[in-house]
Amino acid sequence: MHALRQEILPPSGAEFATSLRLTPSTLGELRTPPNATTRHEFAARALCNVVIARSSLLRIFEVREEPAVPQVDDERERKKALKGAEAVEGEVEMDEHGEGFVNIAKSTGQSVDVRTVTKFYLVREHRLHGIVTGMEGVKIISTLEDKLDRLVVSFRDAKIALLEWSTAVHDLVTVSIHTYERAPQLMSLDSPLFRTELRVDPLSRCSALSLPKDAFAILPFYQTQAELDVMDQDQTQTSLTRRRDVPYAPSFVLDLPAAVEQNIRNIVDFVFLPGFNKPTIAVLFQTQQTWTGRLKEFKDTVRLVIFTLDIVTQSYPIITSVQGLPHDCFSVMACAASLGGVVILSGNSIIYVDQSSRRVILPLNGWPSRISDFPLPAIPPEHLDRNIELEGCRATFVDDKTIFVFLKDGTVCPVDIVIDGITVSKLTMGAALAQTTIPTVVRRITDTHVFVGSTVGPSVLLNAAHVEEEIDEDEEMSAPTAVVQMDIDYDDDDDIYGDSKMAEPATKGHTNGKVAKKTRTVIKLSLCDSLPSYGPIADMTFSLARNGERPVPELVAATGSGPLGGFTLFQRDLPIRAKRKLHAIGGARGMWSLPIRQPVKTGGISYEHAVDPYHTENDTLILSTDVNPSPGLSRIATRTAKTDIAITTRIQGTTIGAAPFFQRTAILHVVTNAIRVLEPDGTERQIIKDMDGNMPRPKIRACSISDPFVLIVREDDSIGLFIGETERGKIRRKDMSPMGDKACYFSISYWLFLRRFGQSLILIRPQGVLEIWNLPKLALVFSTSMLSTLQTVLTDSHDPPSVSLPQDPPRKPQDLDIEQILLAPIGESSPRPHLFVFMRSGQLTIYEALAGGQAPEPPATVRASSLDIKFVKILSRAFEIQRPEESEKSILAEHKRVLRMFIPFATTPAPGTTYAGVFFTGDRPSWILATDKCGVQLYPSGHNVVHAFTPCSLWESKGDFLLYSEEGPSLLEWMPGFHLEGPLPYRSIPRGRSYSNLIFDASTSLIVAASSLNARFASFDEDGNTVWEPESANVSDPLCDCSTLELITPDIWVTMDGFEFATNEFINDMTVVTLETASTETGNKEFIAVGTTINRGEDLAAKGATYIFEIVEVVSDPAFASKRWYKLRLRCRDDAKGPVTAVCGFNGYLVSSMGQKVFVRAFDSDERLVGVAFLDVGVYVTSLQTLKNLLLVGDAVKSVSFVAFQEDPYKLVLLAKDISSVCVTKADFFFADGQLSIMTGDEEGIIRVYEYNPQDPESKDGRHLLLRTEFNSQSEYRASTLIARRSNDDPMIPQAKLLTGSTDGTLSCLTPVDEHAFKRLQLLQGQLTRNVQHIAGLNPKAFRIVRNDFVSKPLSKGILDGNLLAHFETLPIARQFEVTREIGTDRTTVLRDWMGLSGAW
């Protein structure tokens, strides 16, 4: 069998982060966001870029400081907030571009105290073909010219890539890649267990990558001062240019034991030190390894060596060597150059070491004196009870002498380095400052901002600003210098509390004859922004949710860890719910909800007040149209006092388009043969028949309206332009002769709105040329012919207007013709213009409009005016669409015709949150959205077809939509609480604890979850006495895992009932099993089976137990719940001699494992389990999976076994097994089209496909499973679920589709692929591997290959890489034709294969 593996969701969280100036926007100021209401001169500015990586996902963010937007919903209150901005009568005037915006602000000349916010904005993201293990920013020679930093990224397979930002393609490009895979250090058998780490010199002179066998790969960079001055003055310009193009010297591998110090082994951590003339490295290592059980023989085994890298002479002198550090040291940090030395973190203390080997220690609990001979200072009485553990903590300097330590639970503790003269005298730790997210990486990104990245929850950006604060004379000198700013809004997950650390005051001198008060410097800590993340997926199951009255499948995943644990709920479509049905208004051909107001007269001139597009007034009427009865019918409906709908006007004819006009005081109404201006009550003010003299023109098929312009497109592709005259309140024809002959032909045309350039007209010629014409002068400002082939970047070609003449016979539509085009802003707080393109073939492509598209060399022909922009492709998706016969022109064909249109909208689903997006109607209806922290996403709407769509605020809600689907017209809204920061909409349910197992009980629609907690562990002897107890308050008990069982209702996510296990007992596995019982008529009932481990310490063997629970309905308490209520009832507990590691069931029996045995048991008399069969299978069973009477057994050592069960007589029969030693963590059945395979996953993320085929001679008469495919997914998964996939060929018999949830948050799927499609996609995969430029120069094929010494060549041809094949959709069309021609097929066939396999579920 063949399969396709796709990543539905990328890895979640932040494992690595770095700060640098990567993009040009970080060098200057940005424009103020369009929805900022502050009328002052402050402009937003980008502080820096933050690059974040998690596994194979790389994201580039811009940290932007911008004016805070007051969250005022009421228009009157918002105007009060703008002091001095009210208009006086007579001051109102239109701006010169006719946008409908009025400039009524007055300059007050007063300085305004601007409150700013710091936020993340996503710039770009990539799924790499490699696992990131480190990132840093560097400066190279080119930095002198463009002032931009470069990005160095290291990967798990010992690679370093140097990347830089390219303005031309608005993306990262690879400068170089350096591989060390063939270094001798990586040839050892245990090298896959090693994790490479990357460090960079503070002055960017070189980078170091740690390798196995205690070695560094050193990559030197040419620098201005260090390298260019050394070059000979007579060096030729060619050589100098070549040196600038290659900004690095040859790299080399530094063997530390051979070249530096022979005792350097088992490196713990290393760091570059600042302030030295040559690169200097501090290495923390442990020559003699030890652990807590051998501290009597070996303790204080960690050593520190500081040495200098002299790259030119290849000498490495040691300048500092320190021995006798505690064995639990795990991290070393470089101090500032003004202070010197390093700070070392251990599990129980913090140690400062200066360059003279002097050591200062700060013990944080009672353990250092018990496990180390390190001399300790006297502990103050107030700190005798302090018990802080540093395992899992992260730390960073916030200034030269202050360290913030982030503990493993997110608590922030400040540490001061106290200096006496020029030497460090002591370290002090203040009280806990705050609690934030669980840290994985902590980086100081600016002087005042700290980024805390987490792999198990949200990542946060904190502001640690230094503020001078006055203190009274009699105030204590021990006042805190780090405090928490409490006047900010906090997220629930990132609660910040408490106050702070102690500090030294400073005194100011006499000023103006007065004595100034004493001041002290405090560090104010506040939350700026956060990046949402859900963390690892421990388990998942499907449940049945309701969006309003509509049942939908919902994937419930147990995510997060510790206090950030909980549930994450994923849905495939954007969750919406129907508020009401509106069958009376119709609207099968279109609906427009319009805000029309009565005009205000001043001096005889009608005008309208300034209108902010983000705070528009509510709609007043709905205009809808239908094609039946012929020739069509249009209706105007308004809301009555009882919130009902009333139709006030009916108009014969089909409406093509409608919009507010004359500053929202009239309706511009376009029908098939005329353009009409309607009064607010629907009466006709003006009508212009679309006639050529006395001859009627072809019918109008499309229009675009942007006050004061109207563009129409007729069925013969000719166009007409009309302009509104505000003084007269009427419209007139606009001369289009500057655009060429009157009979120019166009495919489709739409308006484009750019603030800085006013209104423009965007046209697509039949030959595929995109043109932008400025209005009202009709001047060509942009043209390109690259859109017809969907090139990656569209720039101005400076060509003259390409006039298209009439063709005889008329040109027939082609598949690659552009059918729809729109330019509209999408985004959250700062929407950006995007170009939406839809082709007749079903290809949807989205470009982002960016400034700066001019070529460096001047064009051959210079226009009078031009638009300096470019369009960069950011999303491309192919849809499979059905088209009727083009020749059919009957009324029935017109009724069946599906309109595929882009409709822009702005919505406010919650107060303070506004989205600008686009809805795509037709038979593939989709929402196109973007948020600040996520790129453009395309979400299905969940309907089969949508004929019409419009945002609607007629019912005084900014979050409503009118939508005409197969169910008729409905008023809809988004479901609240969902995040739109990923490929799937999701909702988080924080629970304050993590969960290890989840199951959904279909009979009661409830969820049973096993929570994972920690409890204090005590070890007992045979007499029941405790073996050891803590003798002081600063020494704590060890912790062990424990579990509770919770019965949860997914409607309101409340725990109905629970079961607590012993404090040393935790759940390994649980499932729903059908067992025999006498309590039901059928004789069977579903029970909850649970397998546990009872941990009894190191000296006693672990035990286990099997539990059988029943969900029973009880009488609910009316005061608490009016609905049905359920409880868990324990029916049976069966003790075992070993841990019960896996459970499942089949044919009315329970299957459980204990150690290396598998048992089949029956439920006897509803009270006990009776064994009927058993089998010895391996060493430690990790997974059990059943299909009918077949059983899959996954083992931690003995791979996978294929077993059958028979009842007469009771017997487990081993059919086949894998003879290799593989640690299988999960095994699943996989079937399609009458074929069965076995899928397994191991700890390294390798997916293996086995086949059971007794006819194959290699199977030894069927006793051995045949390994067919090995695929390296690079992420371990312990959660999987099998769902049905119904193909178009055979919708009755489903195939299996396997969903897997990984420990890095990846949600993947394995989909069966038929033989013919697999061969085509396999060849395409090879072409994409060789012929496409991949980010960081990585090799997709090598990324998926598994090393197997038992086969002659890798078994890599059974599973397709969906991440690689997804690149095909984004290629330009010409490149797609080229690639498919080389593999002997065509583009349409390949895209049809791909579309049939894509989709979440």
# chains A, B, ... in the order shown; residues from 1 in each chain; ligands from 1
>>> residues_around(residues="stretch 833-844 of chain A", least_positions_apart="4", cutoff="10 Å", atoms="only C-alpha atoms", output="VMD selection string")
chain A and resid 752 to 754 787 to 788 790 813 to 827 848 to 850 871 to 883 900 to 902 917 to 918 920 924 928 936 1369 1373 1388 1391
>>> residues_around(residues="A:Phe1017", least_positions_apart="6", cutoff="12 Å", atoms="only C-alpha atoms", output="ChimeraX atom specification")
/A:1026-1030,1036-1042,1062-1065,1094-1098
>>> residues_around(residues="A:Thr396", least_positions_apart="2", cutoff="7 Å", atoms="only C-alpha atoms", output="list of chain:residue names")
A:Val398, A:Ile403, A:Phe404, A:Val405, A:Val442, A:Arg443, A:Arg444
>>> write_last_selection(atoms="C-alpha atoms", output="PDB file, in the first residue's frame")
ATOM      1  CA  VAL A 398      18.045  42.436  31.720  1.00  0.00           C
ATOM      2  CA  ILE A 403      19.381  38.523  35.909  1.00  0.00           C
ATOM      3  CA  PHE A 404      15.799  37.363  35.512  1.00  0.00           C
ATOM      4  CA  VAL A 405      15.457  33.640  36.275  1.00  0.00           C
ATOM      5  CA  VAL A 442      14.397  33.341  27.016  1.00  0.00           C
ATOM      6  CA  ARG A 443      16.019  36.069  24.933  1.00  0.00           C
ATOM      7  CA  ARG A 444      16.585  39.755  25.571  1.00  0.00           C
TER       8      ARG A 444
END
>>> select_by_dssp(residues="stretch 338-380 of chain A", states="strand (DSSP E or B)", output="ChimeraX atom specification")
/A:342-346,349-353,359-363
>>> write_last_selection(atoms="C-alpha atoms", output="compact mmCIF listing (two decimals), in the first residue's frame")
# COMPACT_ATOMS: atom_id res chain seq x y z
CA VAL A 342 30.30 34.05 33.56
CA VAL A 343 27.24 33.00 35.54
CA ILE A 344 26.61 29.26 35.90
CA LEU A 345 23.22 27.78 36.70
CA SER A 346 22.98 24.51 38.58
CA SER A 349 22.39 27.25 43.09
CA ILE A 350 23.70 30.10 40.95
CA ILE A 351 27.48 30.58 40.66
CA TYR A 352 29.45 33.58 39.41
CA VAL A 353 32.98 32.92 38.12
CA ARG A 359 33.80 31.96 42.54
CA VAL A 360 30.68 33.37 44.26
CA ILE A 361 27.73 31.07 44.93
CA LEU A 362 24.09 31.71 45.79
CA PRO A 363 22.46 28.55 47.24
>>> atom_distance(atom1="atom CA of A:Asp385", atom2="atom CA of A:Asn365")
7.7 Å
>>> closest_residue(among="A:Phe782, A:Lys1211, A:Glu261, A:Trp927", to="A:Val862", atoms="only C-alpha atoms")
A:Phe782
>>> closest_residue(among="A:Ser338, A:Asn1147, A:Asn774, A:Ser533", to="A:Glu981", atoms="only C-alpha atoms")
A:Ser533
>>> residues_around(residues="A:Asp1176", least_positions_apart="5", cutoff="12 Å", atoms="only C-alpha atoms", output="PDB file with all heavy atoms, in the first residue's frame")
ATOM      1  N   SER A1153      -2.324  -5.679  28.808  1.00  0.00           N
ATOM      2  CA  SER A1153      -0.946  -6.153  28.828  1.00  0.00           C
ATOM      3  C   SER A1153      -0.379  -5.956  30.227  1.00  0.00           C
ATOM      4  O   SER A1153      -0.723  -5.009  30.931  1.00  0.00           O
ATOM      5  CB  SER A1153      -0.091  -5.374  27.818  1.00  0.00           C
ATOM      6  OG  SER A1153       0.039  -4.027  28.227  1.00  0.00           O
ATOM      7  N   MET A1154       0.485  -6.864  30.594  1.00  0.00           N
ATOM      8  CA  MET A1154       1.229  -6.729  31.840  1.00  0.00           C
ATOM      9  C   MET A1154       2.651  -7.187  31.561  1.00  0.00           C
ATOM     10  O   MET A1154       2.904  -8.379  31.348  1.00  0.00           O
ATOM     11  CB  MET A1154       0.611  -7.572  32.951  1.00  0.00           C
ATOM     12  CG  MET A1154       1.274  -7.345  34.309  1.00  0.00           C
ATOM     13  SD  MET A1154       0.908  -8.625  35.498  1.00  0.00           S
ATOM     14  CE  MET A1154       1.877  -9.976  34.869  1.00  0.00           C
ATOM     15  N   GLY A1155       3.567  -6.198  31.485  1.00  0.00           N
ATOM     16  CA  GLY A1155       4.938  -6.556  31.151  1.00  0.00           C
ATOM     17  C   GLY A1155       5.021  -7.103  29.747  1.00  0.00           C
ATOM     18  O   GLY A1155       4.644  -6.455  28.772  1.00  0.00           O
ATOM     19  N   GLN A1156       5.520  -8.355  29.641  1.00  0.00           N
ATOM     20  CA  GLN A1156       5.673  -8.956  28.315  1.00  0.00           C
ATOM     21  C   GLN A1156       4.507  -9.843  27.925  1.00  0.00           C
ATOM     22  O   GLN A1156       4.543 -10.497  26.889  1.00  0.00           O
ATOM     23  CB  GLN A1156       6.969  -9.780  28.268  1.00  0.00           C
ATOM     24  CG  GLN A1156       6.938 -11.054  29.090  1.00  0.00           C
ATOM     25  CD  GLN A1156       7.350 -10.832  30.532  1.00  0.00           C
ATOM     26  OE1 GLN A1156       7.264  -9.714  31.029  1.00  0.00           O
ATOM     27  NE2 GLN A1156       7.804 -11.872  31.189  1.00  0.00           N
ATOM     28  N   LYS A1157       3.435  -9.870  28.727  1.00  0.00           N
ATOM     29  CA  LYS A1157       2.297 -10.736  28.442  1.00  0.00           C
ATOM     30  C   LYS A1157       1.082  -9.931  28.017  1.00  0.00           C
ATOM     31  O   LYS A1157       0.900  -8.783  28.427  1.00  0.00           O
ATOM     32  CB  LYS A1157       1.927 -11.567  29.678  1.00  0.00           C
ATOM     33  CG  LYS A1157       2.983 -12.581  30.104  1.00  0.00           C
ATOM     34  CD  LYS A1157       2.505 -13.385  31.292  1.00  0.00           C
ATOM     35  CE  LYS A1157       3.566 -14.380  31.752  1.00  0.00           C
ATOM     36  NZ  LYS A1157       3.805 -15.422  30.760  1.00  0.00           N
ATOM     37  N   VAL A1158       0.243 -10.551  27.180  1.00  0.00           N
ATOM     38  CA  VAL A1158      -1.037  -9.998  26.775  1.00  0.00           C
ATOM     39  C   VAL A1158      -2.124 -10.957  27.225  1.00  0.00           C
ATOM     40  O   VAL A1158      -2.041 -12.169  26.958  1.00  0.00           O
ATOM     41  CB  VAL A1158      -1.103  -9.792  25.241  1.00  0.00           C
ATOM     42  CG1 VAL A1158      -2.500  -9.384  24.808  1.00  0.00           C
ATOM     43  CG2 VAL A1158      -0.102  -8.754  24.800  1.00  0.00           C
ATOM     44  N   PHE A1159      -3.144 -10.426  27.925  1.00  0.00           N
ATOM     45  CA  PHE A1159      -4.230 -11.234  28.464  1.00  0.00           C
ATOM     46  C   PHE A1159      -5.542 -10.857  27.789  1.00  0.00           C
ATOM     47  O   PHE A1159      -5.792  -9.687  27.507  1.00  0.00           O
ATOM     48  CB  PHE A1159      -4.385 -11.027  29.971  1.00  0.00           C
ATOM     49  CG  PHE A1159      -3.196 -11.470  30.779  1.00  0.00           C
ATOM     50  CD1 PHE A1159      -2.168 -10.586  31.082  1.00  0.00           C
ATOM     51  CD2 PHE A1159      -3.095 -12.775  31.240  1.00  0.00           C
ATOM     52  CE1 PHE A1159      -1.075 -10.984  31.821  1.00  0.00           C
ATOM     53  CE2 PHE A1159      -1.997 -13.184  31.977  1.00  0.00           C
ATOM     54  CZ  PHE A1159      -0.989 -12.292  32.271  1.00  0.00           C
ATOM     55  N   VAL A1181       5.094  -4.035  26.526  1.00  0.00           N
ATOM     56  CA  VAL A1181       4.066  -3.702  25.544  1.00  0.00           C
ATOM     57  C   VAL A1181       3.724  -2.218  25.662  1.00  0.00           C
ATOM     58  O   VAL A1181       3.428  -1.713  26.748  1.00  0.00           O
ATOM     59  CB  VAL A1181       2.810  -4.565  25.748  1.00  0.00           C
ATOM     60  CG1 VAL A1181       1.703  -4.136  24.794  1.00  0.00           C
ATOM     61  CG2 VAL A1181       3.145  -6.035  25.531  1.00  0.00           C
ATOM     62  N   VAL A1193       0.237  -5.718  18.466  1.00  0.00           N
ATOM     63  CA  VAL A1193       0.931  -5.520  19.731  1.00  0.00           C
ATOM     64  C   VAL A1193       2.242  -4.794  19.440  1.00  0.00           C
ATOM     65  O   VAL A1193       3.116  -5.326  18.744  1.00  0.00           O
ATOM     66  CB  VAL A1193       1.198  -6.864  20.442  1.00  0.00           C
ATOM     67  CG1 VAL A1193       1.866  -6.626  21.791  1.00  0.00           C
ATOM     68  CG2 VAL A1193      -0.089  -7.660  20.605  1.00  0.00           C
ATOM     69  N   ASP A1195       5.749  -3.170  20.894  1.00  0.00           N
ATOM     70  CA  ASP A1195       6.638  -3.438  22.019  1.00  0.00           C
ATOM     71  C   ASP A1195       7.812  -2.455  22.005  1.00  0.00           C
ATOM     72  O   ASP A1195       8.251  -2.003  20.939  1.00  0.00           O
ATOM     73  CB  ASP A1195       7.161  -4.878  21.945  1.00  0.00           C
ATOM     74  CG  ASP A1195       7.839  -5.314  23.225  1.00  0.00           C
ATOM     75  OD1 ASP A1195       7.120  -5.735  24.146  1.00  0.00           O
ATOM     76  OD2 ASP A1195       9.075  -5.218  23.296  1.00  0.00           O
ATOM     77  N   LYS A1198      10.801  -5.333  21.005  1.00  0.00           N
ATOM     78  CA  LYS A1198      10.553  -6.370  20.012  1.00  0.00           C
ATOM     79  C   LYS A1198       9.639  -5.922  18.863  1.00  0.00           C
ATOM     80  O   LYS A1198       9.000  -6.766  18.238  1.00  0.00           O
ATOM     81  CB  LYS A1198       9.950  -7.602  20.689  1.00  0.00           C
ATOM     82  CG  LYS A1198      10.866  -8.256  21.723  1.00  0.00           C
ATOM     83  CD  LYS A1198      12.058  -8.901  21.071  1.00  0.00           C
ATOM     84  CE  LYS A1198      12.898  -9.685  22.080  1.00  0.00           C
ATOM     85  NZ  LYS A1198      14.063 -10.320  21.460  1.00  0.00           N
ATOM     86  N   SER A1201       3.941  -7.167  16.718  1.00  0.00           N
ATOM     87  CA  SER A1201       3.462  -8.538  16.498  1.00  0.00           C
ATOM     88  C   SER A1201       2.024  -8.489  16.003  1.00  0.00           C
ATOM     89  O   SER A1201       1.227  -7.639  16.430  1.00  0.00           O
ATOM     90  CB  SER A1201       3.530  -9.349  17.793  1.00  0.00           C
ATOM     91  OG  SER A1201       4.846  -9.374  18.305  1.00  0.00           O
ATOM     92  N   VAL A1203      -1.396 -10.617  15.772  1.00  0.00           N
ATOM     93  CA  VAL A1203      -1.983 -11.720  16.530  1.00  0.00           C
ATOM     94  C   VAL A1203      -3.450 -11.852  16.160  1.00  0.00           C
ATOM     95  O   VAL A1203      -4.126 -10.852  15.867  1.00  0.00           O
ATOM     96  CB  VAL A1203      -1.817 -11.474  18.051  1.00  0.00           C
ATOM     97  CG1 VAL A1203      -2.425 -12.606  18.861  1.00  0.00           C
ATOM     98  CG2 VAL A1203      -0.346 -11.307  18.407  1.00  0.00           C
ATOM     99  N   LEU A1212      -5.022 -17.207  21.671  1.00  0.00           N
ATOM    100  CA  LEU A1212      -4.339 -16.153  20.938  1.00  0.00           C
ATOM    101  C   LEU A1212      -3.268 -16.790  20.057  1.00  0.00           C
ATOM    102  O   LEU A1212      -2.425 -17.543  20.567  1.00  0.00           O
ATOM    103  CB  LEU A1212      -3.692 -15.138  21.883  1.00  0.00           C
ATOM    104  CG  LEU A1212      -4.609 -14.088  22.521  1.00  0.00           C
ATOM    105  CD1 LEU A1212      -3.850 -13.299  23.569  1.00  0.00           C
ATOM    106  CD2 LEU A1212      -5.174 -13.145  21.467  1.00  0.00           C
ATOM    107  N   VAL A1213      -3.310 -16.516  18.759  1.00  0.00           N
ATOM    108  CA  VAL A1213      -2.399 -17.138  17.814  1.00  0.00           C
ATOM    109  C   VAL A1213      -1.506 -16.058  17.212  1.00  0.00           C
ATOM    110  O   VAL A1213      -2.000 -15.057  16.682  1.00  0.00           O
ATOM    111  CB  VAL A1213      -3.173 -17.861  16.686  1.00  0.00           C
ATOM    112  CG1 VAL A1213      -2.200 -18.490  15.704  1.00  0.00           C
ATOM    113  CG2 VAL A1213      -4.116 -18.888  17.270  1.00  0.00           C
ATOM    114  N   LEU A1214      -0.192 -16.248  17.304  1.00  0.00           N
ATOM    115  CA  LEU A1214       0.751 -15.314  16.702  1.00  0.00           C
ATOM    116  C   LEU A1214       0.834 -15.607  15.214  1.00  0.00           C
ATOM    117  O   LEU A1214       1.325 -16.657  14.791  1.00  0.00           O
ATOM    118  CB  LEU A1214       2.127 -15.454  17.362  1.00  0.00           C
ATOM    119  CG  LEU A1214       3.225 -14.551  16.795  1.00  0.00           C
ATOM    120  CD1 LEU A1214       2.890 -13.081  17.017  1.00  0.00           C
ATOM    121  CD2 LEU A1214       4.576 -14.901  17.424  1.00  0.00           C
TER     122      LEU A1214
END
>>> residues_around(residues="A:Leu711", least_positions_apart="3", cutoff="6 Å", atoms="only C-alpha atoms", output="list in words")
Cys703, Ser704, Gly720 and Leu721 of chain A
>>> write_last_selection(atoms="all heavy atoms", output="JSON list (two decimals), in the first residue's frame")
[["chain", "number", "residue", "atom", "x", "y", "z"],
["A", 703, "CYS", "N", -19.99, 44.53, -12.43],
["A", 703, "CYS", "CA", -19.76, 45.94, -12.17],
["A", 703, "CYS", "C", -18.90, 46.09, -10.93],
["A", 703, "CYS", "O", -18.75, 45.15, -10.14],
["A", 703, "CYS", "CB", -21.07, 46.71, -12.02],
["A", 703, "CYS", "SG", -21.94, 46.34, -10.48],
["A", 704, "SER", "N", -18.34, 47.28, -10.79],
["A", 704, "SER", "CA", -17.60, 47.62, -9.58],
["A", 704, "SER", "C", -17.90, 49.06, -9.25],
["A", 704, "SER", "O", -17.84, 49.93, -10.12],
["A", 704, "SER", "CB", -16.10, 47.42, -9.81],
["A", 704, "SER", "OG", -15.39, 47.71, -8.63],
["A", 720, "GLY", "N", -17.54, 50.17, -19.50],
["A", 720, "GLY", "CA", -17.98, 51.55, -19.45],
["A", 720, "GLY", "C", -17.69, 52.12, -18.08],
["A", 720, "GLY", "O", -17.72, 51.41, -17.08],
["A", 721, "LEU", "N", -17.40, 53.43, -18.04],
["A", 721, "LEU", "CA", -17.04, 54.08, -16.80],
["A", 721, "LEU", "C", -17.95, 55.29, -16.59],
["A", 721, "LEU", "O", -18.19, 56.06, -17.52],
["A", 721, "LEU", "CB", -15.57, 54.52, -16.85],
["A", 721, "LEU", "CG", -14.98, 55.12, -15.57],
["A", 721, "LEU", "CD1", -15.00, 54.11, -14.44],
["A", 721, "LEU", "CD2", -13.54, 55.59, -15.82]]
>>> select_by_dssp(residues="stretch 334-454 of chain A", states="helix (DSSP H, G or I)", output="list in words")
Pro368, Ser369, Arg370, Ile371, Pro381, Glu382 and His383 of chain A
>>> write_last_selection(atoms="all heavy atoms", output="short mmCIF file (atom, residue, chain, number, x, y, z; two decimals), in the first residue's frame")
data_model
loop_
_atom_site.label_atom_id
_atom_site.label_comp_id
_atom_site.auth_asym_id
_atom_site.auth_seq_id
_atom_site.Cartn_x
_atom_site.Cartn_y
_atom_site.Cartn_z
N PRO A 368 22.59 22.07 48.19
CA PRO A 368 24.02 22.24 47.88
C PRO A 368 24.96 21.75 48.97
O PRO A 368 26.01 21.15 48.66
CB PRO A 368 24.13 23.76 47.67
CG PRO A 368 22.81 24.17 47.18
CD PRO A 368 21.83 23.31 47.90
N SER A 369 24.63 21.95 50.22
CA SER A 369 25.52 21.49 51.30
C SER A 369 25.52 19.97 51.43
O SER A 369 26.45 19.40 52.00
CB SER A 369 25.10 22.11 52.63
OG SER A 369 23.76 21.73 52.95
N ARG A 370 24.51 19.30 50.89
CA ARG A 370 24.40 17.85 51.01
C ARG A 370 25.00 17.11 49.82
O ARG A 370 25.34 15.93 49.93
CB ARG A 370 22.92 17.45 51.18
CG ARG A 370 22.32 17.93 52.49
CD ARG A 370 20.79 17.85 52.47
NE ARG A 370 20.22 18.13 53.78
CZ ARG A 370 20.03 19.34 54.26
NH1 ARG A 370 20.38 20.40 53.55
NH2 ARG A 370 19.50 19.52 55.46
N ILE A 371 25.10 17.76 48.67
CA ILE A 371 25.57 17.05 47.48
C ILE A 371 26.89 17.61 46.96
O ILE A 371 27.41 17.13 45.96
CB ILE A 371 24.52 17.12 46.34
CG1 ILE A 371 24.31 18.56 45.88
CG2 ILE A 371 23.20 16.49 46.78
CD1 ILE A 371 23.44 18.69 44.65
N PRO A 381 19.05 34.60 58.02
CA PRO A 381 17.93 33.88 58.67
C PRO A 381 16.64 33.92 57.86
O PRO A 381 15.88 32.95 57.86
CB PRO A 381 17.77 34.63 60.00
CG PRO A 381 19.09 35.29 60.23
CD PRO A 381 19.65 35.61 58.89
N GLU A 382 16.40 35.05 57.17
CA GLU A 382 15.14 35.12 56.43
C GLU A 382 15.11 34.21 55.21
O GLU A 382 14.06 34.00 54.62
CB GLU A 382 14.86 36.57 55.99
CG GLU A 382 15.88 37.15 55.02
CD GLU A 382 17.02 37.87 55.71
OE1 GLU A 382 17.21 37.63 56.93
OE2 GLU A 382 17.70 38.66 55.04
N HIS A 383 16.28 33.67 54.81
CA HIS A 383 16.34 32.79 53.64
C HIS A 383 16.57 31.33 54.01
O HIS A 383 16.82 30.51 53.14
CB HIS A 383 17.44 33.25 52.69
CG HIS A 383 17.16 34.57 52.06
ND1 HIS A 383 18.17 35.39 51.57
CD2 HIS A 383 16.00 35.24 51.84
CE1 HIS A 383 17.62 36.49 51.08
NE2 HIS A 383 16.31 36.41 51.23
#
>>> residues_around(residues="A:Phe285", least_positions_apart="5", cutoff="6 Å", atoms="only C-alpha atoms", output="PyMOL selection string")
chain A and resi 266-268+302-303
>>> residues_around(residues="A:Thr455", least_positions_apart="5", cutoff="10 Å", atoms="only C-alpha atoms", output="list in words")
Pro11, Ser12, Gly13, Ala14, Glu15, Phe16, Arg54, Thr437, Ile438, Pro439, Thr440, Val441, Ser533, Tyr534, Gly535, Pro536, Gly560, Ser561, Thr1303, Asp1304 and Gly1305 of chain A
>>> atom_distance(atom1="atom CA of A:Gly768", atom2="atom CA of A:Thr792")
15.4 Å
